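> Structure: input_9.pdb, PDB, C-alpha atoms.
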ATOM      1  CA  MET A   1      84.747 109.996  72.369
ATOM      2  CA  ASP A   2      81.265 109.404  73.735
ATOM      3  CA  ALA A   3      81.003 112.186  76.253
ATOM      4  CA  GLY A   4      77.576 113.559  77.019
ATOM      5  CA  PHE A   5      75.417 110.498  76.448
ATOM      6  CA  GLU A   6      71.675 110.767  76.488
ATOM      7  CA  THR A   7      69.866 107.585  77.456
ATOM      8  CA  VAL A   8      66.237 106.605  77.041
ATOM      9  CA  ALA A   9      64.794 103.401  78.474
ATOM     10  CA  PRO A  10      61.098 102.819  77.761
ATOM     11  CA  THR A  11      59.798 100.058  80.002
ATOM     12  CA  TYR A  12      56.566  98.136  79.752
ATOM     13  CA  SER A  13      55.083  96.313  82.725
ATOM     14  CA  ASP A  14      51.714  95.114  83.942
ATOM     15  CA  ILE A  15      52.744  94.982  87.583
ATOM     16  CA  GLU A  16      50.038  96.088  89.974
ATOM     17  CA  ALA A  17      50.393  97.821  93.327
ATOM     18  CA  PRO A  18      50.699  95.663  96.465
ATOM     19  CA  LYS A  19      47.393  94.796  98.094
ATOM     20  CA  SER A  20      46.467  94.698 101.745
ATOM     21  CA  VAL A  21      45.444  91.141 102.585
ATOM     22  CA  ALA A  22      44.100  89.651 105.823
ATOM     23  CA  PHE A  23      46.665  87.518 107.674
ATOM     24  CA  ASP A  24      44.622  84.344 107.852
ATOM     25  CA  MET A  25      44.627  80.755 106.563
ATOM     26  CA  ASN A  26      44.003  81.993 103.005
ATOM     27  CA  LEU A  27      47.030  84.263 102.857
ATOM     28  CA  ALA A  28      49.615  81.576 102.030
ATOM     29  CA  ASP A  29      47.612  80.381  99.027
ATOM     30  CA  MET A  30      48.113  83.778  97.401
ATOM     31  CA  ILE A  31      51.914  83.521  97.477
ATOM     32  CA  ALA A  32      53.526  82.079  94.329
ATOM     33  CA  ASP A  33      57.035  81.454  95.664
ATOM     34  CA  SER A  34      57.151  78.313  97.833
ATOM     35  CA  THR A  35      59.760  79.684 100.226
ATOM     36  CA  VAL A  36      57.913  82.939 100.786
ATOM     37  CA  ARG A  37      54.668  81.021 101.085
ATOM     38  CA  SER A  38      56.087  79.123 104.060
ATOM     39  CA  TRP A  39      56.676  82.405 105.861
ATOM     40  CA  PHE A  40      52.925  83.022 105.917
ATOM     41  CA  THR A  41      51.541  79.506 106.419
ATOM     42  CA  LEU A  42      49.582  79.334 109.666
ATOM     43  CA  ASN A  43      49.515  76.161 111.738
ATOM     44  CA  ASN A  44      46.768  76.270 114.334
ATOM     45  CA  GLY A  45      46.714  80.024 113.910
ATOM     46  CA  SER A  46      50.440  80.579 114.434
ATOM     47  CA  ILE A  47      53.742  80.469 112.579
ATOM     48  CA  SER A  48      56.836  78.827 114.002
ATOM     49  CA  LEU A  49      59.923  81.046 113.669
ATOM     50  CA  ASN A  50      63.308  79.430 114.143
ATOM     51  CA  THR A  51      65.673  82.312 114.735
ATOM     52  CA  ALA A  52      68.598  80.287 116.086
ATOM     53  CA  ASP A  53      70.808  80.709 113.030
ATOM     54  CA  SER A  54      69.372  83.868 111.614
ATOM     55  CA  GLY A  55      71.162  87.172 111.406
ATOM     56  CA  TRP A  56      70.341  90.734 110.609
ATOM     57  CA  ASN A  57      70.375  89.944 106.914
ATOM     58  CA  ASP A  58      67.893  87.102 107.273
ATOM     59  CA  PRO A  59      64.568  88.040 105.639
ATOM     60  CA  ILE A  60      62.563  86.647 108.535
ATOM     61  CA  SER A  61      64.576  88.374 111.243
ATOM     62  CA  THR A  62      64.489  91.689 109.476
ATOM     63  CA  ALA A  63      60.730  91.368 109.078
ATOM     64  CA  ILE A  64      60.298  91.050 112.841
ATOM     65  CA  ILE A  65      60.030  94.182 114.909
ATOM     66  CA  VAL A  66      59.630  94.000 118.668
ATOM     67  CA  PRO A  67      59.592  97.413 120.299
ATOM     68  CA  SER A  68      61.825  97.777 123.299
ATOM     69  CA  GLN A  69      59.936  97.392 126.539
ATOM     70  CA  ASP A  70      59.336 100.702 128.298
ATOM     71  CA  GLY A  71      62.478 102.057 126.725
ATOM     72  CA  ARG A  72      64.540  99.195 128.052
ATOM     73  CA  LEU A  73      66.166  96.450 126.061
ATOM     74  CA  VAL A  74      64.868  92.987 126.790
ATOM     75  CA  ASP A  75      67.971  90.978 126.096
ATOM     76  CA  ASP A  76      67.917  87.839 128.174
ATOM     77  CA  GLY A  77      66.199  86.045 131.001
ATOM     78  CA  ILE A  78      63.225  85.366 128.777
ATOM     79  CA  GLU A  79      61.141  82.446 129.900
ATOM     80  CA  ARG A  80      58.992  79.981 128.071
ATOM     81  CA  ASN A  81      55.603  81.416 127.041
ATOM     82  CA  ASP A  82      56.730  85.014 127.545
ATOM     83  CA  SER A  83      54.848  87.063 124.962
ATOM     84  CA  TYR A  84      55.855  90.260 123.195
ATOM     85  CA  ARG A  85      53.626  92.353 120.963
ATOM     86  CA  GLY A  86      55.305  93.358 117.703
ATOM     87  CA  THR A  87      54.976  93.162 113.954
ATOM     88  CA  TYR A  88      55.870  90.508 111.390
ATOM     89  CA  PHE A  89      56.132  91.769 107.810
ATOM     90  CA  GLY A  90      54.121  94.715 109.054
ATOM     91  CA  ALA A  91      51.325  92.609 110.560
ATOM     92  CA  GLU A  92      50.658  93.167 114.241
ATOM     93  CA  GLY A  93      50.667  90.153 116.530
ATOM     94  CA  ASP A  94      52.299  88.366 119.428
ATOM     95  CA  PHE A  95      55.669  86.637 119.544
ATOM     96  CA  VAL A  96      55.761  83.877 122.137
ATOM     97  CA  CYS A  97      58.936  82.220 123.352
ATOM     98  CA  THR A  98      58.876  78.407 123.239
ATOM     99  CA  ALA A  99      61.657  77.723 125.775
ATOM    100  CA  ASP A 100      63.614  79.381 128.549
ATOM    101  CA  GLY A 101      66.769  81.376 127.935
ATOM    102  CA  TYR A 102      66.085  82.933 124.577
ATOM    103  CA  LYS A 103      67.109  86.491 123.745
ATOM    104  CA  ILE A 104      65.826  89.621 122.169
ATOM    105  CA  GLU A 105      68.650  91.815 120.980
ATOM    106  CA  ARG A 106      69.045  95.283 119.625
ATOM    107  CA  LYS A 107      70.973  95.679 116.387
ATOM    108  CA  ASP A 108      72.660  98.944 117.313
ATOM    109  CA  ALA A 109      72.628 101.168 120.328
ATOM    110  CA  GLY A 110      69.813 103.634 119.964
ATOM    111  CA  ASP A 111      67.672 101.503 117.695
ATOM    112  CA  THR A 112      64.218 100.919 119.059
ATOM    113  CA  PRO A 113      63.340  97.737 117.131
ATOM    114  CA  CYS A 114      64.787  94.517 118.436
ATOM    115  CA  MET A 115      65.337  91.052 116.994
ATOM    116  CA  LEU A 116      64.370  87.644 118.282
ATOM    117  CA  ALA A 117      67.995  86.627 118.520
ATOM    118  CA  SER A 118      67.804  82.963 119.331
ATOM    119  CA  GLY A 119      65.539  79.983 119.675
ATOM    120  CA  THR A 120      62.137  79.089 118.359
ATOM    121  CA  TRP A 121      59.231  81.479 118.692
ATOM    122  CA  THR A 122      55.704  81.514 117.472
ATOM    123  CA  PHE A 123      53.950  84.442 115.881
ATOM    124  CA  THR A 124      50.197  84.727 116.171
ATOM    125  CA  PRO A 125      48.668  87.508 114.076
ATOM    126  CA  ALA A 126      46.285  89.784 115.902
ATOM    127  CA  ASP A 127      42.636  89.963 114.921
ATOM    128  CA  GLY A 128      42.366  92.121 111.812
ATOM    129  CA  ALA A 129      46.099  91.984 111.049
ATOM    130  CA  THR A 130      46.945  92.520 107.408
ATOM    131  CA  VAL A 131      49.976  92.073 105.153
ATOM    132  CA  MET A 132      50.859  94.014 102.009
ATOM    133  CA  VAL A 133      51.184  91.360  99.284
ATOM    134  CA  PRO A 134      53.064  92.337  96.103
ATOM    135  CA  ASP A 135      51.651  91.449  92.697
ATOM    136  CA  GLN A 136      52.279  87.724  92.204
ATOM    137  CA  ASP A 137      51.989  87.615  88.417
ATOM    138  CA  TRP A 138      53.735  90.365  86.494
ATOM    139  CA  LEU A 139      55.853  90.949  83.428
ATOM    140  CA  ALA A 140      58.302  93.731  82.655
ATOM    141  CA  PHE A 141      60.490  94.319  79.623
ATOM    142  CA  GLY A 142      62.014  97.143  77.655
ATOM    143  CA  VAL A 143      64.969  98.548  75.820
ATOM    144  CA  TRP A 144      67.575 101.192  76.514
ATOM    145  CA  VAL A 145      69.287 103.371  73.967
ATOM    146  CA  THR A 146      72.229 105.629  74.598
ATOM    147  CA  ALA A 147      72.902 108.269  71.985
ATOM    148  CA  PRO A 148      76.230 110.109  71.780
ATOM    149  CA  ASP A 149      76.564 113.852  71.407
ATOM    150  CA  ASP A 150      78.161 113.243  68.035
ATOM    151  CA  GLU A 151      75.287 111.652  66.163
ATOM    152  CA  VAL A 152      77.437 111.064  63.065
ATOM    153  CA  ASN A 153      80.695 109.694  64.427
ATOM    154  CA  GLY A 154      79.611 108.621  67.901
ATOM    155  CA  VAL A 155      78.562 105.142  68.935
ATOM    156  CA  HIS A 156      74.969 104.357  69.807
ATOM    157  CA  ARG A 157      74.489 101.649  72.399
ATOM    158  CA  VAL A 158      71.395  99.487  72.651
ATOM    159  CA  GLY A 159      70.382  96.899  75.205
ATOM    160  CA  VAL A 160      67.277  95.047  76.262
ATOM    161  CA  PHE A 161      65.968  93.738  79.568
ATOM    162  CA  HIS A 162      63.145  91.509  80.699
ATOM    163  CA  GLU A 163      61.918  90.217  84.024
ATOM    164  CA  SER A 164      58.887  88.499  85.441
ATOM    165  CA  MET A 165      57.524  86.902  88.562
ATOM    166  CA  ASP A 166      59.287  83.574  88.938
ATOM    167  CA  ASN A 167      56.430  81.142  89.281
ATOM    168  CA  MET A 168      57.305  78.475  86.757
ATOM    169  CA  PRO A 169      56.471  74.882  87.661
ATOM    170  CA  VAL A 170      59.029  72.116  87.250
ATOM    171  CA  ALA A 171      59.177  71.187  83.566
ATOM    172  CA  ASP A 172      59.428  67.476  84.293
ATOM    173  CA  SER A 173      55.788  67.534  85.285
ATOM    174  CA  LEU A 174      54.633  69.247  82.111
ATOM    175  CA  THR A 175      53.367  67.666  78.936
ATOM    176  CA  GLY A 176      51.265  68.864  76.048
ATOM    177  CA  LYS A 177      51.322  72.251  74.366
ATOM    178  CA  ALA A 178      50.593  75.838  75.280
ATOM    179  CA  SER A 179      50.495  79.118  73.398
ATOM    180  CA  TYR A 180      51.554  82.526  74.632
ATOM    181  CA  GLU A 181      50.867  86.017  73.371
ATOM    182  CA  GLY A 182      52.160  89.365  74.470
ATOM    183  CA  SER A 183      53.894  92.564  73.524
ATOM    184  CA  THR A 184      57.430  93.503  72.585
ATOM    185  CA  ALA A 185      59.450  96.702  72.549
ATOM    186  CA  GLY A 186      62.761  97.572  71.004
ATOM    187  CA  VAL A 187      64.812  99.618  68.572
ATOM    188  CA  TYR A 188      64.846  99.459  64.793
ATOM    189  CA  VAL A 189      67.166 100.782  62.115
ATOM    190  CA  ASP A 190      65.736 100.788  58.605
ATOM    191  CA  ARG A 191      68.266 101.680  55.904
ATOM    192  CA  ASN A 192      68.680 101.087  52.196
ATOM    193  CA  ARG A 193      65.054 101.899  51.643
ATOM    194  CA  SER A 194      63.753 102.575  48.169
ATOM    195  CA  ASP A 195      63.023 106.173  49.157
ATOM    196  CA  ASP A 196      66.603 106.645  50.492
ATOM    197  CA  MET A 197      65.094 107.816  53.766
ATOM    198  CA  ASP A 198      66.899 106.140  56.640
ATOM    199  CA  LYS A 199      64.647 105.585  59.592
ATOM    200  CA  THR A 200      65.386 104.592  63.145
ATOM    201  CA  GLY A 201      63.508 104.661  66.406
ATOM    202  CA  LEU A 202      61.577 102.737  69.011
ATOM    203  CA  PHE A 203      59.041 100.096  68.098
ATOM    204  CA  THR A 204      56.371  97.971  69.678
ATOM    205  CA  ALA A 205      55.207  94.676  68.217
ATOM    206  CA  ARG A 206      53.296  91.494  68.990
ATOM    207  CA  ALA A 207      54.877  88.293  70.286
ATOM    208  CA  MET A 208      53.319  84.887  69.745
ATOM    209  CA  LEU A 209      54.987  81.783  71.171
ATOM    210  CA  GLU A 210      54.181  78.090  70.958
ATOM    211  CA  ALA A 211      55.553  75.711  73.574
ATOM    212  CA  ASP A 212      55.559  71.942  73.190
ATOM    213  CA  PHE A 213      56.523  70.495  76.541
ATOM    214  CA  GLY A 214      57.415  67.088  75.119
ATOM    215  CA  ASN A 215      57.369  64.016  77.323
ATOM    216  CA  ASN A 216      59.655  61.883  79.463
ATOM    217  CA  SER A 217      61.856  60.884  76.519
ATOM    218  CA  THR A 218      61.569  63.895  74.205
ATOM    219  CA  PRO A 219      62.560  67.418  75.264
ATOM    220  CA  GLY A 220      60.112  70.180  74.532
ATOM    221  CA  THR A 221      60.554  73.087  72.178
ATOM    222  CA  LEU A 222      59.627  76.743  72.062
ATOM    223  CA  THR A 223      58.923  78.497  68.767
ATOM    224  CA  GLY A 224      57.341  81.772  67.903
ATOM    225  CA  MET A 225      56.906  84.913  65.838
ATOM    226  CA  ILE A 226      57.177  88.635  66.381
ATOM    227  CA  ASP A 227      55.044  90.749  64.043
ATOM    228  CA  ASN A 228      52.885  93.872  63.826
ATOM    229  CA  PHE A 229      55.915  96.135  64.175
ATOM    230  CA  LYS A 230      54.847  99.753  64.753
ATOM    231  CA  ASP A 231      56.802 102.923  65.427
ATOM    232  CA  ASP A 232      56.206 105.152  68.432
ATOM    233  CA  GLN A 233      53.451 106.928  66.489
ATOM    234  CA  GLY A 234      51.555 103.683  65.937
ATOM    235  CA  ARG A 235      52.438 103.433  62.243
ATOM    236  CA  PHE A 236      53.380 100.086  60.726
ATOM    237  CA  LEU A 237      57.079  99.747  59.913
ATOM    238  CA  GLY A 238      58.598  98.546  56.661
ATOM    239  CA  GLU A 239      58.433  99.642  53.059
ATOM    240  CA  ASP A 240      54.952 100.868  52.212
ATOM    241  CA  THR A 241      53.888 100.965  48.594
ATOM    242  CA  ALA A 242      50.516 100.677  46.930
ATOM    243  CA  ALA A 243      51.502  97.348  45.412
ATOM    244  CA  ASP A 244      53.048  96.009  48.584
ATOM    245  CA  PRO A 245      51.702  97.718  51.701
ATOM    246  CA  ASN A 246      53.276  97.177  55.084
ATOM    247  CA  ASP A 247      49.926  96.881  56.834
ATOM    248  CA  PRO A 248      49.579  93.177  57.739
ATOM    249  CA  VAL A 249      45.825  93.475  57.462
ATOM    250  CA  LYS A 250      46.179  94.359  53.780
ATOM    251  CA  GLY A 251      48.460  91.442  52.934
ATOM    252  CA  GLY A 252      51.745  91.647  51.061
ATOM    253  CA  ASP A 253      55.259  90.909  52.210
ATOM    254  CA  SER A 254      56.457  94.306  53.357
ATOM    255  CA  ASP A 255      55.252  94.065  56.931
ATOM    256  CA  TRP A 256      58.041  93.018  59.241
ATOM    257  CA  SER A 257      57.937  89.737  61.070
ATOM    258  CA  VAL A 258      60.569  87.746  62.897
ATOM    259  CA  VAL A 259      60.225  83.988  63.163
ATOM    260  CA  LEU A 260      61.992  82.527  66.166
ATOM    261  CA  ASN A 261      63.702  79.221  65.539
ATOM    262  CA  ALA A 262      62.867  76.386  67.879
ATOM    263  CA  GLY A 263      64.694  76.290  71.184
ATOM    264  CA  THR A 264      64.835  73.258  73.429
ATOM    265  CA  ILE A 265      63.022  73.380  76.734
ATOM    266  CA  THR A 266      65.339  72.080  79.436
ATOM    267  CA  ALA A 267      64.086  69.653  82.032
ATOM    268  CA  ASN A 268      65.098  71.551  85.131
ATOM    269  CA  THR A 269      64.423  75.158  84.312
ATOM    270  CA  GLY A 270      61.171  74.753  82.478
ATOM    271  CA  LEU A 271      62.048  76.950  79.534
ATOM    272  CA  PRO A 272      65.267  77.716  77.686
ATOM    273  CA  PRO A 273      66.955  81.056  78.182
ATOM    274  CA  ALA A 274      64.944  83.274  75.928
ATOM    275  CA  THR A 275      68.062  84.721  74.367
ATOM    276  CA  SER A 276      69.081  81.335  73.027
ATOM    277  CA  VAL A 277      65.766  81.085  71.289
ATOM    278  CA  ALA A 278      65.576  84.602  70.005
ATOM    279  CA  GLN A 279      69.034  84.912  68.576
ATOM    280  CA  ARG A 280      68.440  82.153  66.056
ATOM    281  CA  MET A 281      65.760  83.323  63.729
ATOM    282  CA  VAL A 282      64.623  84.043  60.248
ATOM    283  CA  CYS A 283      62.659  87.083  59.226
ATOM    284  CA  ARG A 284      60.296  88.164  56.524
ATOM    285  CA  GLY A 285      60.056  91.622  55.045
ATOM    286  CA  MET A 286      63.606  92.397  56.127
ATOM    287  CA  PRO A 287      67.040  91.519  54.698
ATOM    288  CA  ALA A 288      68.621  88.196  55.563
ATOM    289  CA  VAL A 289      69.801  87.815  59.109
ATOM    290  CA  GLY A 290      73.438  88.530  59.927
ATOM    291  CA  ALA A 291      75.340  87.494  63.019
ATOM    292  CA  PRO A 292      73.310  87.542  66.223
ATOM    293  CA  SER A 293      73.523  90.548  68.447
ATOM    294  CA  SER A 294      73.921  90.646  72.183
ATOM    295  CA  THR A 295      72.887  92.885  75.016
ATOM    296  CA  GLY A 296      74.895  96.041  74.821
ATOM    297  CA  GLN A 297      74.812  96.134  71.036
ATOM    298  CA  GLU A 298      76.789  98.932  69.473
ATOM    299  CA  THR A 299      75.856 100.462  66.186
ATOM    300  CA  GLY A 300      77.385 103.160  64.090
TER
ATOM    301  CA  MET B   1      46.533  68.468  81.686
ATOM    302  CA  THR B   2      45.074  71.936  81.957
ATOM    303  CA  PRO B   3      46.746  75.072  80.601
ATOM    304  CA  MET B   4      47.265  76.477  84.093
ATOM    305  CA  GLU B   5      49.803  73.760  84.761
ATOM    306  CA  HIS B   6      52.090  75.472  82.254
ATOM    307  CA  PRO B   7      54.190  78.548  82.982
ATOM    308  CA  THR B   8      51.860  81.507  82.912
ATOM    309  CA  ASP B   9      54.298  83.804  81.188
ATOM    310  CA  VAL B  10      57.451  83.893  79.086
ATOM    311  CA  THR B  11      59.913  86.739  78.759
ATOM    312  CA  GLY B  12      62.911  87.074  76.485
ATOM    313  CA  GLU B  13      64.778  89.093  73.941
ATOM    314  CA  PHE B  14      65.337  88.895  70.239
ATOM    315  CA  SER B  15      67.352  90.572  67.549
ATOM    316  CA  THR B  16      67.851  90.408  63.830
ATOM    317  CA  TYR B  17      69.854  92.569  61.514
ATOM    318  CA  SER B  18      71.813  92.617  58.318
ATOM    319  CA  GLY B  19      75.185  94.154  57.723
ATOM    320  CA  VAL B  20      78.086  94.515  60.062
ATOM    321  CA  VAL B  21      77.945  95.964  63.541
ATOM    322  CA  GLN B  22      79.460  99.394  63.937
ATOM    323  CA  ASP B  23      79.260 100.402  60.320
ATOM    324  CA  SER B  24      76.651 102.267  58.407
ATOM    325  CA  THR B  25      75.016  99.201  56.897
ATOM    326  CA  PHE B  26      73.324  98.149  60.135
ATOM    327  CA  ARG B  27      69.666  97.437  59.623
ATOM    328  CA  GLY B  28      67.391  95.481  61.858
ATOM    329  CA  VAL B  29      65.678  95.222  65.208
ATOM    330  CA  VAL B  30      66.658  94.564  68.817
ATOM    331  CA  GLY B  31      63.923  94.070  71.371
ATOM    332  CA  SER B  32      62.517  92.260  74.378
ATOM    333  CA  PHE B  33      59.151  90.654  74.934
ATOM    334  CA  GLY B  34      56.747  89.417  77.554
ATOM    335  CA  ALA B  35      54.029  86.924  76.621
ATOM    336  CA  ARG B  36      51.227  85.350  78.617
ATOM    337  CA  LEU B  37      49.616  81.951  78.467
ATOM    338  CA  GLN B  38      46.576  81.841  76.226
ATOM    339  CA  GLU B  39      43.772  79.652  77.493
ATOM    340  CA  ASP B  40      41.833  77.917  74.772
TER
END
With the file now loaded, output its structure as structure tokens.


Amino acid sequence: MDAGFETVAPTYSDIEAPKSVAFDMNLADMIADSTVRSWFTLNNGSISLNTADSGWNDPISTAIIVPSQDGRLVDDGIERNDSYRGTYFGAEGDFVCTADGYKIERKDAGDTPCMLASGTWTFTPADGATVMVPDQDWLAFGVWVTAPDDEVNGVHRVGVFHESMDNMPVADSLTGKASYEGSTAGVYVDRNRSDDMDKTGLFTARAMLEADFGNNSTPGTLTGMIDNFKDDQGRFLGEDTAADPNDPVKGGDSDWSVVLNAGTITANTGLPPATSVAQRMVCRGMPAVGAPSSTGQETG
Amino acid sequence: MTPMEHPTDVTGEFSTYSGVVQDSTFRGVVGSFGARLQED
């Protein structure tokens, strides 16, 4: 049995802390996601908020906080142009009702914040109002490894994960080529070595990708290579002999590299699922490739 | 067409190994990556 697992999950990310940004005409241009951008696009200094169909799970409604008035709940009888000071995504400003008969409701008895429960309102940020804007261009990836108590007979489990800010344009509009470079992280198992010393552990490496976005009649492709494999001490991986060193700078064929076979770029999503690209590959400096693995790989 | 009109980043995963899963002959790598657009 696998009782008593120990799991490690090194994660690499370049995400930066949210920044405080002035709530002005320039704010929307900083937002990558088109839907979120619309939440912060000012028109004549204000944003129109249609709360007629929203609920407590709506991102706009939950971002609106209108303190109860003098401890009392303002729930109906609101008239056109009535104004209430509150916050919108943390930015202070004024909510103004655009017609008679709208409501401000409280979610639960005892809650101070209220919701603009119906109708169309405008929000005008106050002078000096700011919004905390998350990093709009980040990558994150990593690997997890679960080791059993019984290192000999137990089952090790390995999985990978990757995520990034979703800001891809529509692929139909893309042509030409582009190259990408970045880092990788994962797990290696190196057996059947000439020195009979089995090795296993975490690695980092370099990823280089080439995208050809094709044209209206030809789908694009994504190819690439992973190389410069190093262990967690920064040492190059692979057999290392005087005649055939594993240091890629010194030449030779012992340094590990993985060549990704071409994957087709789909028209709607912009790029193919990375797994479909990565699982078809050839490699150099390592034995021939076996069957592809999948997330949640188990090894003896 | 300028490079900035392309996706600015690509993430994914890759794996390669020899031998059979769940026996002692496993050898290879499993990993994930994140790569950014290179502007020429």

> From the list A:Ile265, A:Ala91, A:Val189, A:Leu42, which residue is nearest Glu210 in chain A when using only C-alpha atoms?

A:Ile265

> Residues picked by the PyMOL selection byres ((chain A and resi 24-39) around 8) here, as a list in words?

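Listing what the PyMOL selection byres ((chain A and resi 24-39) around 8) selects in the shown file: Val21, Ala22, Phe23, Phe40, Thr41, Leu42, Gly45, Ile47, Ile60, Gln136, Asp166 and Asn167 of chain A.
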
> Find the residues around Thr124 in chain A up to 10 Å (only C-alpha atoms counted), leave out those fewer than 5 positions away in its own chain, and share them as JSON, numbers by chain.

{"A": [23, 42, 43, 44, 45, 46, 47, 48, 85, 87, 88, 91, 92, 93, 94, 95, 96, 129]}

> Set the distance at 10 Å and use only C-alpha atoms: which residues neighbour Val187 in chain A once local chain neighbours fewer than 3 positions away are removed? I'd like the list as a compact mmCIF listing (two decimals) with C-alpha atoms, keeping the file's coordinate frame.


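Once written, part-v3.txt looks like this:
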# COMPACT_ATOMS: atom_id res chain seq x y z
CA GLY A 142 62.01 97.14 77.66
CA VAL A 143 64.97 98.55 75.82
CA TRP A 144 67.58 101.19 76.51
CA VAL A 145 69.29 103.37 73.97
CA VAL A 158 71.40 99.49 72.65
CA GLY A 159 70.38 96.90 75.20
CA VAL A 160 67.28 95.05 76.26
CA THR A 200 65.39 104.59 63.14
CA GLY A 201 63.51 104.66 66.41
CA LEU A 202 61.58 102.74 69.01
CA PHE A 203 59.04 100.10 68.10
CA THR A 204 56.37 97.97 69.68
CA ASP A 231 56.80 102.92 65.43
CA SER B 15 67.35 90.57 67.55
CA GLY B 28 67.39 95.48 61.86
CA VAL B 29 65.68 95.22 65.21
CA VAL B 30 66.66 94.56 68.82
CA GLY B 31 63.92 94.07 71.37
CA SER B 32 62.52 92.26 74.38

> Between CA of Gly176 in chain A and CA of Phe213 in chain A, what is the spacing in Å?

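CA of Gly176 in chain A lies 5.5 Å from CA of Phe213 in chain A.
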
> Expressed in Å to a single decimal, how great is the separation between CA of Trp121 in chain A and CA of Asn50 in chain A?

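Distance reported for this atom pair: 6.4 Å.
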
> What's the separation between CA of Asp232 in chain A and CA of Phe161 in chain A, in Å to one decimal place?

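So the two atoms, CA of Asp232 in chain A and CA of Phe161 in chain A, lie 18.7 Å apart.
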